[in-house]
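Undergrad: Take a look at this one; I'll ask things after.
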Amino acid sequence: MLEMNMPPSFGTLFVGPKVGVELIDQFTLRAEDWQDDDLPLSYLFGSQTSTFSLPLTNFQSARSITINLPAGNPEKEWELEVYVRVRDCLLYTSDAADDLLCVDLGGRRIIKN
């Protein structure tokens with residue numbers, strides 16, 4: 001009998017806090033509730049806009065990171081998407097994302113959800 005490898009599933013990406021200043025405040029990105037039969041799982045966190053994608057980590061065993069985030073795309077109301085890519089031990093991956101919006105507030109950009 002042939003069994004197919006399925007990607008990790010049922011997980012989400014938590015991002016907090018929901019409000020902060022880019023490059024100053026620290027944000028926590030946490031992969032939650034990912035399941036797969038082919039353990040261990042590893043996690044790569046990143047950010048992207050419509051014009052660039054930036055991995056923030058390599059694949060790692062830690063399910064969360066705390067990091068300063070860059071500003072998003074000024075042509076898209078400072079939108080910045082953060083994501084997690086989850087990989088099982090057979091290298092099959094799944095993604096989850098969360099959109100953050102960064103707006104100009106008196107010369108300071110505030111990131112909010």
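Each chain of the structure tokens is named A, B, ... in the order shown, its residues numbered from 1; ligands are numbered from 1 in display order.
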Can you list, as JSON, numbers by chain, all residues belonging to chain A that DSSP tags as strand (DSSP E)?
TA: {"A": [12, 13, 14, 15, 16, 19, 20, 21, 26, 27, 28, 29, 30, 31, 32, 42, 43, 44, 45, 46, 47, 48, 53, 54, 55, 64, 65, 66, 67, 68, 79, 80, 81, 82, 83, 84, 85, 86, 87, 93, 94, 95, 96, 97, 98, 99, 100, 101, 102, 103, 104, 105, 108, 109, 110, 111, 112]}
Undergrad: Mind dumping the selected residues with C-alpha atoms as a PDB file, in the first residue's frame?
TA:
```pdb
ATOM      1  CA  THR A  12      -2.201  29.141  12.770  1.00  0.00           C
ATOM      2  CA  LEU A  13       0.155  32.060  13.215  1.00  0.00           C
ATOM      3  CA  PHE A  14      -0.255  34.311  16.260  1.00  0.00           C
ATOM      4  CA  VAL A  15       1.233  37.830  16.085  1.00  0.00           C
ATOM      5  CA  GLY A  16       1.344  40.199  19.041  1.00  0.00           C
ATOM      6  CA  VAL A  19      -0.002  47.766  17.813  1.00  0.00           C
ATOM      7  CA  GLY A  20       3.604  48.970  17.807  1.00  0.00           C
ATOM      8  CA  VAL A  21       6.320  51.023  16.142  1.00  0.00           C
ATOM      9  CA  GLN A  26       9.260  43.838  19.509  1.00  0.00           C
ATOM     10  CA  PHE A  27       6.624  41.523  18.082  1.00  0.00           C
ATOM     11  CA  THR A  28       6.104  37.869  18.903  1.00  0.00           C
ATOM     12  CA  LEU A  29       5.323  35.488  16.045  1.00  0.00           C
ATOM     13  CA  ARG A  30       4.167  32.081  17.262  1.00  0.00           C
ATOM     14  CA  ALA A  31       3.160  28.967  15.329  1.00  0.00           C
ATOM     15  CA  GLU A  32       0.252  27.309  17.141  1.00  0.00           C
ATOM     16  CA  SER A  42      10.538  22.958  12.022  1.00  0.00           C
ATOM     17  CA  TYR A  43       9.471  26.575  11.554  1.00  0.00           C
ATOM     18  CA  LEU A  44      10.650  29.426   9.322  1.00  0.00           C
ATOM     19  CA  PHE A  45       9.273  32.911  10.025  1.00  0.00           C
ATOM     20  CA  GLY A  46       9.256  35.729   7.482  1.00  0.00           C
ATOM     21  CA  SER A  47       7.653  38.946   6.281  1.00  0.00           C
ATOM     22  CA  GLN A  48       6.556  40.066   2.838  1.00  0.00           C
ATOM     23  CA  SER A  53       9.859  38.683   0.768  1.00  0.00           C
ATOM     24  CA  LEU A  54      12.223  38.540   3.729  1.00  0.00           C
ATOM     25  CA  PRO A  55      12.858  35.383   5.751  1.00  0.00           C
ATOM     26  CA  SER A  64       8.093  31.327  18.194  1.00  0.00           C
ATOM     27  CA  ILE A  65      10.339  34.346  17.794  1.00  0.00           C
ATOM     28  CA  THR A  66      10.357  37.851  19.232  1.00  0.00           C
ATOM     29  CA  ILE A  67      11.666  40.383  16.755  1.00  0.00           C
ATOM     30  CA  ASN A  68      11.564  43.965  15.490  1.00  0.00           C
ATOM     31  CA  GLU A  79       0.807  46.678   4.611  1.00  0.00           C
ATOM     32  CA  LEU A  80       3.191  43.998   5.844  1.00  0.00           C
ATOM     33  CA  GLU A  81       2.355  40.315   5.861  1.00  0.00           C
ATOM     34  CA  VAL A  82       4.161  38.034   8.291  1.00  0.00           C
ATOM     35  CA  TYR A  83       4.149  34.305   7.757  1.00  0.00           C
ATOM     36  CA  VAL A  84       5.330  30.992   9.123  1.00  0.00           C
ATOM     37  CA  ARG A  85       6.365  28.074   6.944  1.00  0.00           C
ATOM     38  CA  VAL A  86       6.088  24.763   8.787  1.00  0.00           C
ATOM     39  CA  ARG A  87       8.085  21.749   7.586  1.00  0.00           C
ATOM     40  CA  THR A  93       5.708  22.372   4.035  1.00  0.00           C
ATOM     41  CA  SER A  94       2.603  24.431   4.815  1.00  0.00           C
ATOM     42  CA  ASP A  95       2.210  28.193   5.290  1.00  0.00           C
ATOM     43  CA  ALA A  96       0.121  30.469   7.494  1.00  0.00           C
ATOM     44  CA  ALA A  97       0.075  34.268   7.376  1.00  0.00           C
ATOM     45  CA  ASP A  98      -1.221  37.337   9.209  1.00  0.00           C
ATOM     46  CA  ASP A  99      -1.533  40.847   7.741  1.00  0.00           C
ATOM     47  CA  LEU A 100      -0.226  43.833   9.673  1.00  0.00           C
ATOM     48  CA  LEU A 101      -0.996  47.391   8.651  1.00  0.00           C
ATOM     49  CA  CYS A 102       1.454  50.217   9.287  1.00  0.00           C
ATOM     50  CA  VAL A 103       0.156  53.787   9.109  1.00  0.00           C
ATOM     51  CA  ASP A 104       1.977  57.110   9.434  1.00  0.00           C
ATOM     52  CA  LEU A 105       1.150  58.835  12.712  1.00  0.00           C
ATOM     53  CA  ARG A 108       6.102  57.684  13.449  1.00  0.00           C
ATOM     54  CA  ARG A 109       4.774  54.605  11.773  1.00  0.00           C
ATOM     55  CA  ILE A 110       2.532  52.471  13.924  1.00  0.00           C
ATOM     56  CA  ILE A 111       2.032  48.810  13.081  1.00  0.00           C
ATOM     57  CA  LYS A 112      -1.425  47.536  13.895  1.00  0.00           C
TER      58      LYS A 112
END
```
Undergrad: In Å, with one decimal, what is the gap from atom CA of Asn5 of chain A to atom CA of Pro40 of chain A?
TA: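 The value is 14.1 Å.
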Undergrad: To one decimal in Å, tell me the separation between atom CA of Phe59 of chain A and atom CA of Cys89 of chain A.
TA: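 Atom CA of Cys89 of chain A lies 11.4 Å from atom CA of Phe59 of chain A.
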Undergrad: If we count only C-alpha atoms and set the cut-off at 10 Å, which residues sit around Asp38 of chain A, ignoring sequence neighbours fewer than 6 positions away in its own chain? Please answer as an NGL selection string.
TA: :A and (5-8 or 87-92)
Undergrad: Using only C-alpha atoms, pick whichever of A:Ile24, A:Thr57, A:Pro17, A:Leu2 has the shortest atom-to-atom distance to Ala71 of chain A.
TA: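 The closest residue to Ala71 of chain A is A:Ile24.
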